[in-house]
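*Asks:* For reference, the file my_file00.cif (mmCIF, C-alpha atoms and all ligand atoms) is included below:
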data_target
loop_
_atom_site.label_atom_id
_atom_site.label_comp_id
_atom_site.auth_asym_id
_atom_site.auth_seq_id
_atom_site.Cartn_x
_atom_site.Cartn_y
_atom_site.Cartn_z
CA MET A 641 0.00 0.00 0.00
CA PHE A 642 2.82 2.42 0.78
CA ASP A 643 3.94 2.11 -2.86
CA HIS A 644 0.48 2.95 -4.16
CA ASP A 645 0.62 6.06 -6.37
CA GLY A 646 -2.22 7.67 -4.47
CA TYR A 647 -0.80 6.99 -1.01
CA ARG A 648 1.80 9.72 -1.25
CA GLY A 649 1.29 12.29 1.50
CA HIS A 650 -1.38 10.31 3.35
CA GLU A 651 -1.23 10.10 7.13
CA GLY A 652 -2.95 6.75 7.30
CA VAL A 653 -5.51 4.31 6.04
CA THR A 654 -7.80 2.16 8.18
CA TRP A 655 -9.40 -1.02 6.86
CA ILE A 656 -12.66 -1.84 8.57
CA SER A 657 -14.58 -5.09 8.59
CA ASP A 658 -17.45 -6.21 10.75
CA ALA A 659 -18.55 -9.82 10.39
CA ALA A 660 -21.92 -9.29 12.06
CA THR A 661 -23.16 -6.70 9.54
CA GLY A 662 -20.94 -7.49 6.54
CA LEU A 663 -19.41 -4.01 6.66
CA LYS A 664 -16.23 -3.63 4.63
CA ALA A 665 -14.83 -0.13 4.42
CA VAL A 666 -11.69 1.90 3.91
CA ILE A 667 -11.13 5.17 5.76
CA ALA A 668 -8.31 7.28 4.35
CA VAL A 669 -6.94 10.27 6.25
CA HIS A 670 -4.86 12.38 3.91
CA SER A 671 -4.09 15.26 6.22
CA SER A 672 -5.11 16.51 9.63
CA ALA A 673 -2.68 19.45 9.51
CA LEU A 674 -5.49 22.02 9.34
CA GLY A 675 -7.87 20.16 11.66
CA PRO A 676 -9.96 16.98 11.80
CA ALA A 677 -9.96 15.23 8.41
CA MET A 678 -13.45 15.72 7.03
CA GLY A 679 -14.95 14.16 3.93
CA GLY A 680 -17.98 12.14 2.97
CA CYS A 681 -18.57 8.42 2.98
CA ARG A 682 -19.20 6.80 -0.43
CA LEU A 683 -21.04 3.51 -0.91
CA TRP A 684 -20.11 1.90 -4.21
CA HIS A 685 -19.93 -1.54 -5.78
CA TYR A 686 -16.16 -1.71 -6.32
CA PRO A 687 -14.73 -4.51 -8.47
CA SER A 688 -12.02 -5.17 -5.85
CA SER A 689 -10.73 -3.92 -2.49
CA SER A 690 -7.79 -2.46 -4.38
CA ALA A 691 -10.18 -0.34 -6.48
CA ALA A 692 -11.85 0.82 -3.25
CA LEU A 693 -8.46 1.83 -1.82
CA THR A 694 -7.58 3.75 -4.98
CA ASP A 695 -10.87 5.66 -4.80
CA ALA A 696 -10.52 6.42 -1.08
CA LEU A 697 -6.97 7.75 -1.54
CA ARG A 698 -7.91 9.93 -4.52
CA LEU A 699 -10.98 11.33 -2.78
CA SER A 700 -9.29 12.00 0.57
CA HIS A 701 -6.46 13.92 -1.11
CA GLY A 702 -9.12 15.91 -2.98
CA MET A 703 -10.84 16.76 0.32
CA SER A 704 -7.58 18.13 1.75
CA LEU A 705 -7.28 20.46 -1.23
CA LYS A 706 -10.96 21.46 -1.12
CA ASN A 707 -11.01 22.19 2.60
CA ALA A 708 -7.74 24.14 2.43
CA MET A 709 -8.92 26.30 -0.47
CA ALA A 710 -12.24 26.95 1.27
CA GLY A 711 -10.30 28.36 4.23
CA LEU A 712 -11.69 25.75 6.62
CA PRO A 713 -9.92 24.55 9.77
CA LEU A 714 -10.37 21.01 8.49
CA GLY A 715 -8.07 18.42 7.00
CA GLY A 716 -9.03 15.93 4.31
CA GLY A 717 -10.26 12.37 4.57
CA LYS A 718 -12.76 10.07 2.95
CA ALA A 719 -14.44 6.75 3.63
CA VAL A 720 -15.63 4.22 1.10
CA ILE A 721 -17.91 1.31 1.89
CA LEU A 722 -17.71 -1.71 -0.42
CA GLY A 723 -21.22 -2.44 -1.66
CA PRO A 724 -23.65 -3.78 -2.42
CA VAL A 725 -25.51 -3.61 0.88
CA ALA A 726 -28.81 -5.45 1.30
CA PRO A 727 -31.57 -2.95 2.20
CA GLU A 728 -32.47 -4.86 5.39
CA ALA A 729 -28.80 -4.78 6.56
CA ARG A 730 -28.33 -1.08 5.94
CA THR A 731 -29.14 0.46 9.31
CA ALA A 732 -27.01 -2.00 11.31
CA LEU A 733 -24.17 -1.63 8.81
CA PHE A 734 -24.09 2.15 9.12
CA GLU A 735 -24.22 1.85 12.89
CA ALA A 736 -21.15 -0.42 12.67
CA PHE A 737 -19.54 2.17 10.41
CA GLY A 738 -20.27 4.77 13.10
CA VAL A 739 -18.46 2.58 15.66
CA ALA A 740 -15.44 2.43 13.32
CA VAL A 741 -15.43 6.21 12.82
CA ASP A 742 -15.69 6.69 16.57
CA GLY A 743 -12.64 4.46 17.04
CA LEU A 744 -10.58 7.08 15.21
CA GLY A 745 -11.39 9.50 18.04
CA GLY A 746 -12.31 12.47 15.82
CA ARG A 747 -9.32 12.32 13.46
CA TYR A 748 -11.85 11.57 10.70
CA VAL A 749 -15.31 13.18 10.47
CA THR A 750 -17.80 11.62 8.08
CA ALA A 751 -20.83 12.85 6.08
CA GLU A 752 -22.90 11.84 3.04
CA ASP A 753 -21.41 11.18 -0.36
CA VAL A 754 -22.54 9.22 -3.42
CA GLY A 755 -24.77 6.30 -2.46
CA VAL A 756 -25.22 7.43 1.16
CA SER A 757 -28.32 9.16 2.50
CA VAL A 758 -29.07 11.41 5.45
CA ALA A 759 -30.83 8.40 7.05
CA ASP A 760 -27.61 6.34 6.73
CA MET A 761 -25.62 9.06 8.45
CA ALA A 762 -28.29 9.33 11.13
CA ALA A 763 -27.67 5.62 11.84
CA ALA A 764 -23.90 6.23 12.07
CA ALA A 765 -24.58 9.21 14.33
CA ARG A 766 -26.12 6.88 16.91
CA ARG A 767 -22.61 5.47 17.45
CA THR A 768 -20.36 8.49 17.02
CA ARG A 769 -20.52 12.25 17.23
CA HIS A 770 -17.96 12.61 14.45
CA VAL A 771 -20.64 12.86 11.76
CA SER A 772 -22.01 15.87 9.93
CA GLY A 773 -24.73 16.61 7.37
CA VAL A 774 -27.32 14.95 9.57
CA THR A 775 -29.54 17.65 11.00
CA ALA A 776 -29.77 21.34 10.41
CA ALA A 777 -28.96 22.09 14.06
CA GLY A 778 -29.88 25.72 14.72
CA GLY A 779 -30.43 26.18 10.98
CA VAL A 780 -26.84 25.30 10.01
CA GLY A 781 -25.84 22.25 7.97
CA GLY A 782 -28.07 19.27 7.16
CA ASP A 783 -28.38 18.45 3.45
CA PRO A 784 -25.31 20.09 1.86
CA SER A 785 -26.67 20.33 -1.71
CA PRO A 786 -28.49 23.71 -1.46
CA TYR A 787 -25.27 25.28 -0.13
CA THR A 788 -23.26 23.64 -2.90
CA ALA A 789 -25.67 25.03 -5.49
CA ARG A 790 -25.41 28.52 -4.05
CA GLY A 791 -21.61 28.38 -4.14
CA VAL A 792 -21.69 27.22 -7.77
CA LEU A 793 -24.01 30.13 -8.59
CA ARG A 794 -21.51 32.56 -7.04
CA GLY A 795 -18.73 30.95 -9.06
CA ILE A 796 -20.70 31.23 -12.30
CA GLU A 797 -21.43 34.90 -11.54
CA ALA A 798 -17.73 35.57 -10.94
CA ALA A 799 -16.65 33.76 -14.11
CA ALA A 800 -19.37 35.48 -16.18
CA ALA A 801 -18.18 38.86 -14.92
CA ARG A 802 -14.57 38.15 -15.77
CA VAL A 803 -14.89 36.22 -19.02
CA LEU A 804 -18.15 37.51 -20.50
CA GLY A 805 -18.00 41.01 -19.00
CA ARG A 806 -21.46 40.47 -17.51
CA GLY A 807 -22.62 42.22 -14.33
CA ASP A 808 -25.56 39.83 -13.94
CA LEU A 809 -26.84 36.55 -15.39
CA ASP A 810 -29.93 37.94 -17.13
CA GLY A 811 -30.04 36.27 -20.55
CA VAL A 812 -26.77 34.39 -20.01
CA ARG A 813 -27.11 30.91 -21.59
CA VAL A 814 -26.15 28.05 -19.26
CA ALA A 815 -26.12 24.30 -20.02
CA VAL A 816 -26.51 22.12 -16.92
CA GLN A 817 -25.54 18.44 -17.17
CA GLY A 818 -27.35 16.55 -14.40
CA VAL A 819 -30.29 18.15 -12.60
CA GLY A 820 -30.16 16.16 -9.36
CA HIS A 821 -29.82 17.60 -5.86
CA VAL A 822 -27.23 20.22 -6.78
CA GLY A 823 -27.93 20.68 -10.51
CA GLY A 824 -31.66 21.05 -9.90
CA ALA A 825 -31.18 23.63 -7.15
CA LEU A 826 -28.68 25.45 -9.36
CA CYS A 827 -31.23 25.59 -12.21
CA ARG A 828 -33.76 27.22 -9.90
CA LEU A 829 -31.23 29.81 -8.74
CA LEU A 830 -30.08 30.54 -12.31
CA ALA A 831 -33.65 30.82 -13.59
CA GLY A 832 -34.36 33.24 -10.75
CA GLN A 833 -31.64 35.47 -12.17
CA GLY A 834 -33.00 35.33 -15.71
CA ALA A 835 -30.46 32.87 -17.15
CA GLN A 836 -31.58 30.79 -20.15
CA LEU A 837 -31.14 27.11 -19.43
CA VAL A 838 -30.58 23.98 -21.45
CA VAL A 839 -30.47 20.78 -19.42
CA ALA A 840 -29.89 17.05 -19.72
CA ASP A 841 -30.33 14.17 -17.30
CA THR A 842 -30.55 10.40 -17.59
CA ASP A 843 -33.58 10.54 -15.27
CA ARG A 844 -36.46 11.64 -17.51
CA ALA A 845 -38.91 12.42 -14.70
CA ARG A 846 -36.38 14.62 -12.94
CA LEU A 847 -35.59 16.39 -16.18
CA ASP A 848 -39.25 17.09 -16.93
CA ARG A 849 -39.78 18.46 -13.43
CA ILE A 850 -36.91 20.94 -13.73
CA CYS A 851 -38.01 22.00 -17.22
CA ASP A 852 -41.54 22.65 -15.94
CA GLU A 853 -40.26 24.61 -12.96
CA THR A 854 -37.63 26.73 -14.67
CA GLY A 855 -38.53 26.89 -18.36
CA ALA A 856 -35.28 25.07 -19.20
CA VAL A 857 -35.03 23.39 -22.60
CA PRO A 858 -34.07 19.68 -22.55
CA VAL A 859 -31.28 18.52 -24.86
CA ALA A 860 -29.80 15.11 -25.64
CA LEU A 861 -27.30 13.62 -23.17
CA ASP A 862 -24.47 13.71 -25.68
CA GLU A 863 -25.19 17.30 -26.72
CA VAL A 864 -25.40 19.17 -23.43
CA LEU A 865 -21.67 19.79 -22.92
CA GLU A 866 -21.26 20.99 -26.50
CA ALA A 867 -24.39 23.14 -26.54
CA ASP A 868 -24.27 26.65 -28.01
CA VAL A 869 -24.24 28.46 -24.64
CA ASP A 870 -22.06 30.84 -22.61
CA VAL A 871 -21.49 28.58 -19.60
CA VAL A 872 -21.41 24.79 -19.21
CA ALA A 873 -22.10 23.45 -15.71
CA PRO A 874 -21.26 19.74 -15.28
CA CYS A 875 -23.35 18.62 -12.29
CA ALA A 876 -23.60 14.85 -12.89
CA LEU A 877 -20.73 12.40 -12.38
CA GLY A 878 -16.99 13.08 -12.48
CA GLY A 879 -14.81 12.61 -15.54
CA ALA A 880 -17.29 14.22 -17.95
CA ILE A 881 -14.66 16.34 -19.71
CA THR A 882 -12.13 14.35 -21.68
CA ALA A 883 -9.68 16.08 -24.01
CA GLU A 884 -12.02 15.15 -26.86
CA VAL A 885 -15.07 16.68 -25.16
CA ALA A 886 -13.01 19.77 -24.29
CA ALA A 887 -12.22 20.21 -27.99
CA GLY A 888 -15.95 20.39 -28.76
CA ILE A 889 -17.12 22.73 -25.99
CA ARG A 890 -18.58 25.95 -27.39
CA ALA A 891 -19.11 27.79 -24.10
CA ARG A 892 -16.49 30.22 -22.83
CA VAL A 893 -16.80 29.08 -19.22
CA VAL A 894 -16.92 25.62 -17.61
CA ALA A 895 -18.19 25.93 -14.04
CA GLY A 896 -20.16 23.20 -12.31
CA ALA A 897 -20.61 21.11 -9.18
CA ALA A 898 -19.33 17.68 -10.17
CA ASN A 899 -16.15 16.45 -8.50
CA ASN A 900 -13.18 15.57 -10.74
CA GLN A 901 -14.74 17.04 -13.87
CA LEU A 902 -11.55 16.79 -15.92
CA ALA A 903 -11.11 13.15 -16.92
CA GLU A 904 -7.44 13.80 -17.65
CA PRO A 905 -5.04 16.74 -17.21
CA ALA A 906 -4.92 17.08 -21.01
CA ALA A 907 -8.58 18.16 -20.93
CA GLY A 908 -7.59 21.23 -18.91
CA THR A 909 -4.81 21.99 -21.36
CA VAL A 910 -7.23 21.84 -24.30
CA LEU A 911 -9.68 24.17 -22.54
CA ARG A 912 -6.94 26.68 -21.77
CA LYS A 913 -5.55 26.59 -25.31
CA ARG A 914 -9.05 27.23 -26.66
CA GLY A 915 -9.52 30.23 -24.35
CA ILE A 916 -12.22 28.54 -22.26
CA ALA A 917 -12.08 29.39 -18.54
CA TYR A 918 -12.27 26.26 -16.37
CA VAL A 919 -13.32 26.96 -12.79
CA PRO A 920 -11.65 24.28 -10.64
CA ASP A 921 -14.32 21.91 -9.34
CA TYR A 922 -13.24 21.68 -5.73
CA VAL A 923 -13.08 25.47 -5.39
CA ILE A 924 -16.56 26.14 -6.81
CA ASN A 925 -18.32 23.16 -5.17
CA ALA A 926 -17.14 23.81 -1.60
CA GLY A 927 -20.47 25.27 -0.40
CA GLY A 928 -21.64 21.94 1.01
CA ILE A 929 -18.49 21.24 3.01
CA ILE A 930 -18.54 24.82 4.30
CA ALA A 931 -22.04 24.19 5.69
CA VAL A 932 -21.45 20.72 7.12
CA GLY A 933 -18.10 21.88 8.46
CA ALA A 934 -19.87 24.66 10.35
CA GLU A 935 -22.43 22.12 11.60
CA TYR A 936 -19.65 19.93 13.02
CA LEU A 937 -17.39 22.66 14.37
CA GLY A 938 -20.27 24.74 15.80
CA GLY A 939 -20.23 28.44 16.47
CA GLY A 940 -21.69 29.46 13.08
CA ASN A 941 -25.16 30.58 12.10
CA GLU A 942 -27.06 30.62 8.82
CA ALA A 943 -25.87 34.15 7.99
CA SER A 944 -22.19 33.40 8.64
CA VAL A 945 -22.38 30.16 6.61
CA MET A 946 -24.03 31.98 3.71
CA ALA A 947 -21.32 34.66 3.85
CA ASP A 948 -18.64 31.94 3.75
CA VAL A 949 -20.37 30.26 0.79
CA ASP A 950 -20.67 33.61 -1.01
CA ALA A 951 -16.91 34.12 -0.57
CA ILE A 952 -16.48 31.43 -3.24
CA GLY A 953 -17.28 34.15 -5.81
CA PRO A 954 -14.36 36.50 -5.03
CA ARG A 955 -12.06 33.49 -4.58
CA ILE A 956 -12.82 32.42 -8.13
CA SER A 957 -12.43 35.97 -9.52
CA ASP A 958 -9.01 36.09 -7.92
CA LEU A 959 -8.03 32.63 -9.20
CA LEU A 960 -9.07 33.40 -12.79
CA ALA A 961 -7.26 36.75 -12.70
CA ARG A 962 -4.07 35.12 -11.42
CA ALA A 963 -4.35 32.33 -13.99
CA ASP A 964 -4.37 34.94 -16.75
CA ALA A 965 -1.60 37.00 -15.15
CA GLU A 966 0.65 33.96 -14.72
CA ASP A 967 -0.52 32.22 -17.91
CA THR A 968 -1.21 29.07 -15.93
CA ALA A 969 -4.30 26.88 -15.78
CA PRO A 970 -6.60 27.76 -12.83
CA GLU A 971 -6.69 24.13 -11.68
CA ILE A 972 -2.89 24.05 -11.44
CA LEU A 973 -2.83 27.31 -9.47
CA ALA A 974 -5.55 26.02 -7.12
CA ASP A 975 -3.63 22.77 -6.42
CA ARG A 976 -0.47 24.74 -5.78
CA ARG A 977 -2.17 27.19 -3.40
CA ALA A 978 -3.97 24.44 -1.48
CA GLU A 979 -0.75 22.43 -1.05
CA GLU A 980 1.01 25.58 0.23
CA ILE A 981 -1.71 26.11 2.84
CA ILE A 982 -1.44 22.48 4.03
CA VAL A 983 2.38 22.51 4.13
CA ALA A 984 2.36 25.78 6.11
CA ALA A 985 -0.15 24.35 8.61
CA ARG A 986 1.95 21.20 9.00
CA ALA A 987 5.08 23.28 9.59
CA ALA A 988 3.27 25.48 12.12
CA ARG A 989 2.42 22.39 14.14
P1 LIG B 1001 -27.41 13.55 -7.62
O1 LIG B 1001 -27.22 12.08 -7.72
O2 LIG B 1001 -28.54 14.10 -6.83
O3 LIG B 1001 -27.53 14.18 -9.10
C1 LIG B 1001 -26.80 13.74 -10.18
C2 LIG B 1001 -27.73 13.78 -11.40
O4 LIG B 1001 -26.97 13.49 -12.57
C3 LIG B 1001 -28.85 12.75 -11.32
O5 LIG B 1001 -30.10 13.39 -11.58
C4 LIG B 1001 -28.50 11.75 -12.44
O6 LIG B 1001 -29.65 11.17 -13.03
C5 LIG B 1001 -27.74 12.64 -13.40
N1 LIG B 1001 -26.84 11.95 -14.31
C6 LIG B 1001 -26.06 10.87 -14.10
N2 LIG B 1001 -25.33 10.59 -15.20
C7 LIG B 1001 -25.66 11.52 -16.12
C8 LIG B 1001 -25.25 11.77 -17.44
N3 LIG B 1001 -24.35 10.99 -18.06
N4 LIG B 1001 -25.77 12.83 -18.11
C9 LIG B 1001 -26.69 13.62 -17.50
N5 LIG B 1001 -27.13 13.42 -16.24
C10 LIG B 1001 -26.62 12.39 -15.56
O7 LIG B 1001 -26.02 14.12 -7.10
P2 LIG B 1001 -25.71 15.57 -6.50
O8 LIG B 1001 -25.70 15.51 -5.04
O9 LIG B 1001 -26.56 16.58 -7.19
O10 LIG B 1001 -24.19 15.78 -6.97
C11 LIG B 1001 -23.89 16.11 -8.32
C12 LIG B 1001 -22.39 16.19 -8.48
O11 LIG B 1001 -21.87 17.21 -7.62
C13 LIG B 1001 -21.63 14.91 -8.10
O12 LIG B 1001 -20.53 14.78 -8.97
C14 LIG B 1001 -21.16 15.18 -6.68
O13 LIG B 1001 -19.99 14.45 -6.37
C15 LIG B 1001 -20.87 16.66 -6.75
N6 LIG B 1001 -20.93 17.33 -5.46
C16 LIG B 1001 -22.10 17.31 -4.74
C17 LIG B 1001 -22.16 17.95 -3.51
C18 LIG B 1001 -23.43 18.01 -2.72
O14 LIG B 1001 -23.54 18.87 -1.83
N7 LIG B 1001 -24.41 17.15 -3.01
C19 LIG B 1001 -20.99 18.67 -2.96
C20 LIG B 1001 -19.84 18.69 -3.84
C21 LIG B 1001 -19.82 18.02 -5.03
#
Could you take the file, read its structure, and then write that structure out as structure tokens?
Ligand code: NAI

*Replies:*
Amino acid sequence: MFDHDGYRGHEGVTWISDAATGLKAVIAVHSSALGPAMGGCRLWHYPSSSAALTDALRLSHGMSLKNAMAGLPLGGGKAVILGPVAPEARTALFEAFGVAVDGLGGRYVTAEDVGVSVADMAAAARRTRHVSGVTAAGGVGGDPSPYTARGVLRGIEAAAARVLGRGDLDGVRVAVQGVGHVGGALCRLLAGQGAQLVVADTDRARLDRICDETGAVPVALDEVLEADVDVVAPCALGGAITAEVAAGIRARVVAGAANNQLAEPAAGTVLRKRGIAYVPDYVINAGGIIAVGAEYLGGGNEASVMADVDAIGPRISDLLARADAEDTAPEILADRRAEEIIVAARAAR
């Protein structure tokens, strides 16, 4: 494991198994230099335990970068549970997961991620207090997706101002790929500002609902990223933008919620060469972790969380301006800045 490409820089990995519930999980703590390592728990049907490890390492490193760039006093970690899980075993399994998280004594704090619901985290929370995204205690936290959508909106506003010279989003054409929890909420916010939407989703009922609500126009799944619009917002799964897709994008801005949007570094290079501004995913989609972080750490209120989420806008303006000034891709600058923050925190300890 120590030779694994993704292990580099990690503080530790814990393998969990519980015979009684069938739980098999990996908890990766990339860094606790800035604070407790926080990142969601993913439930996925991995082809092997090695594939689960690879995913956990990649995601936990990503959380370190995201939390550092968001200015949070939180390190980065991630848990993955090896599915499938029988529906009747689910509650007991997440309780066992809670016991495992508790055993780490607060070094890792969990929350929802792909395949994991608020109810699952509520089960884990019966066994540990190191869980977030469970209840909106005092109005802060709970379901992270509305906060994520708001942060993405602020990022789109900032990019539209810089790249399109637009002071507002009235009439700005935005293509949203995936109208689920975040993408759907983003569509409502964008429509509220007068943006013209085109949307695609594999879930037809969901798509119809958003179109009815917002006046968005549905387009084919393989057309949405290359639609004739000003902004493309990937809000479905990661890896949507390959170098080939990047070569066909007609928008001048790519700014969406999905994690790991660039399938390969070359995709970022193609975007930059074509003069398309790519807003780094983990900078623009930090609204959710800002909210659940505040829920876990305490001391915040709805207004302070919203202000922290809104700060994503100026952060992105600054990043895009520096990218142009230094003729470097924004995603490379973001990685560099986040690593600097983590290294400085480690040294200060
Ligand atoms: P979700 O599962 O609610 O929504 C995803 C939507 O994408 C679903 O409606 C699904 O049918 C659709 N979809 C899947 N494949 C598609 C395809 N090929 N083309 C078009 N649509 C497709 O997930 P959620 O929570 O909205 O998250 C969306 C993305 O944002 C994910 O990549 C997630 O990792 C990321 N993210 C979410 C956060 C949150 O607060 N929920 C926080 C940070 C990142």

*Asks:* Put a box with edges along x, y and z around all the listed atoms of region 755-759 of chain A, pad it by 6 Å on each side, then give me its centre and sizes in Å, one decimal, as AutoDock Vina command-line options.

*Replies:*
--center_x -27.8 --center_y 8.9 --center_z 2.3 --size_x 18.1 --size_y 17.1 --size_z 21.5

*Asks:* Can you work out which one of A:Gly755, A:Gly711, A:Gly738, A:Gly646 has the shortest atom-to-atom distance to Leu693 (chain A), counting only C-alpha atoms?

*Replies:* A:Gly646

*Asks:* Taking all atoms listed in the file into account, name the residue in A:Ala729, A:Val893, A:Gly832, A:Ala898 that is nearest to Ala880 (chain A).

*Replies:* A:Ala898

*Asks:* Nearest to ligand LIG 1001 (chain B): which of A:Asp852, A:Glu966, A:Glu797, A:Glu863 is it, counting all atoms listed in the file?

*Replies:*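 Distance minimum relative to ligand LIG 1001 (chain B) lands on A:Glu863.
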
*Asks:* Around ligand LIG 1001 (chain B), at most 6 Å away and counting all atoms listed in the file, which residues are there? Put them as an mmCIF file with C-alpha atoms, in the coordinates of the input, please.

*Replies:*
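Produced file part.cif, reproduced below:
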data_model
loop_
_atom_site.group_PDB
_atom_site.id
_atom_site.type_symbol
_atom_site.label_atom_id
_atom_site.label_comp_id
_atom_site.auth_asym_id
_atom_site.auth_seq_id
_atom_site.Cartn_x
_atom_site.Cartn_y
_atom_site.Cartn_z
ATOM 1 C CA PRO A 784 -25.310 20.090 1.860
ATOM 2 C CA SER A 785 -26.670 20.330 -1.710
ATOM 3 C CA THR A 788 -23.260 23.640 -2.900
ATOM 4 C CA GLN A 817 -25.540 18.440 -17.170
ATOM 5 C CA GLY A 818 -27.350 16.550 -14.400
ATOM 6 C CA VAL A 819 -30.290 18.150 -12.600
ATOM 7 C CA GLY A 820 -30.160 16.160 -9.360
ATOM 8 C CA HIS A 821 -29.820 17.600 -5.860
ATOM 9 C CA VAL A 822 -27.230 20.220 -6.780
ATOM 10 C CA GLY A 823 -27.930 20.680 -10.510
ATOM 11 C CA ALA A 840 -29.890 17.050 -19.720
ATOM 12 C CA ASP A 841 -30.330 14.170 -17.300
ATOM 13 C CA THR A 842 -30.550 10.400 -17.590
ATOM 14 C CA ASP A 843 -33.580 10.540 -15.270
ATOM 15 C CA LEU A 861 -27.300 13.620 -23.170
ATOM 16 C CA CYS A 875 -23.350 18.620 -12.290
ATOM 17 C CA ALA A 876 -23.600 14.850 -12.890
ATOM 18 C CA LEU A 877 -20.730 12.400 -12.380
ATOM 19 C CA GLY A 878 -16.990 13.080 -12.480
ATOM 20 C CA ALA A 897 -20.610 21.110 -9.180
ATOM 21 C CA ALA A 898 -19.330 17.680 -10.170
ATOM 22 C CA ASN A 899 -16.150 16.450 -8.500
ATOM 23 C CA ASN A 925 -18.320 23.160 -5.170
ATOM 24 C CA GLY A 928 -21.640 21.940 1.010
#

*Asks:* Please report the interatomic distance between CA of Gln833 (chain A) and CA of Val859 (chain A) in Å with one decimal.

*Replies:*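 Computing it gives 21.2 Å between the two atoms.
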
*Asks:* As an exercise, work out the distance from CA of Thr968 (chain A) to CA of Arg914 (chain A) in Å and give it to one decimal place.

*Replies:* 13.4 Å

*Asks:* Just to confirm, what's the straight-line distance from CA of Arg828 (chain A) to CA of Met946 (chain A) in Å (one decimal)?

*Replies:*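 So the answer is 17.4 Å.
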
*Asks:* Give the answer as one residue: which of A:Leu959, A:Ala660, A:Val910, A:Leu714 has the shortest atom-to-atom distance to Tyr936 (chain A), using only C-alpha atoms?

*Replies:*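 Smallest separation from Tyr936 (chain A) among the options: A:Leu714.
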
*Asks:* Would you mind listing what lies within 9 Å of Val945 (chain A) as a short mmCIF file (atom, residue, chain, number, x, y, z; two decimals) with C-alpha atoms, in the coordinates of the input, with all atoms listed in the file counted and same-chain residues fewer than 6 positions away left out?

*Replies:*
data_model
loop_
_atom_site.label_atom_id
_atom_site.label_comp_id
_atom_site.auth_asym_id
_atom_site.auth_seq_id
_atom_site.Cartn_x
_atom_site.Cartn_y
_atom_site.Cartn_z
CA VAL A 780 -26.84 25.30 10.01
CA GLY A 781 -25.84 22.25 7.97
CA TYR A 787 -25.27 25.28 -0.13
CA GLY A 927 -20.47 25.27 -0.40
CA ILE A 930 -18.54 24.82 4.30
CA ALA A 931 -22.04 24.19 5.69
CA ALA A 934 -19.87 24.66 10.35
#

*Asks:* Rank A:Trp655, A:Phe734, A:Tyr686, A:Tyr918 by their smallest atom-to-atom distance to Arg892 (chain A), using all atoms listed in the file, and report the top residue only.

*Replies:*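 Among A:Trp655, A:Phe734, A:Tyr686, A:Tyr918, it is A:Tyr918 that comes nearest to Arg892 (chain A).
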
*Asks:* Here is a test: counting only C-alpha atoms, which residue of A:Val857, A:Val871, A:Ile881, A:Leu829 is nearest to Gly791 (chain A)?

*Replies:*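 Going through A:Val857, A:Val871, A:Ile881, A:Leu829 one by one, the smallest distance to Gly791 (chain A) is for A:Leu829.
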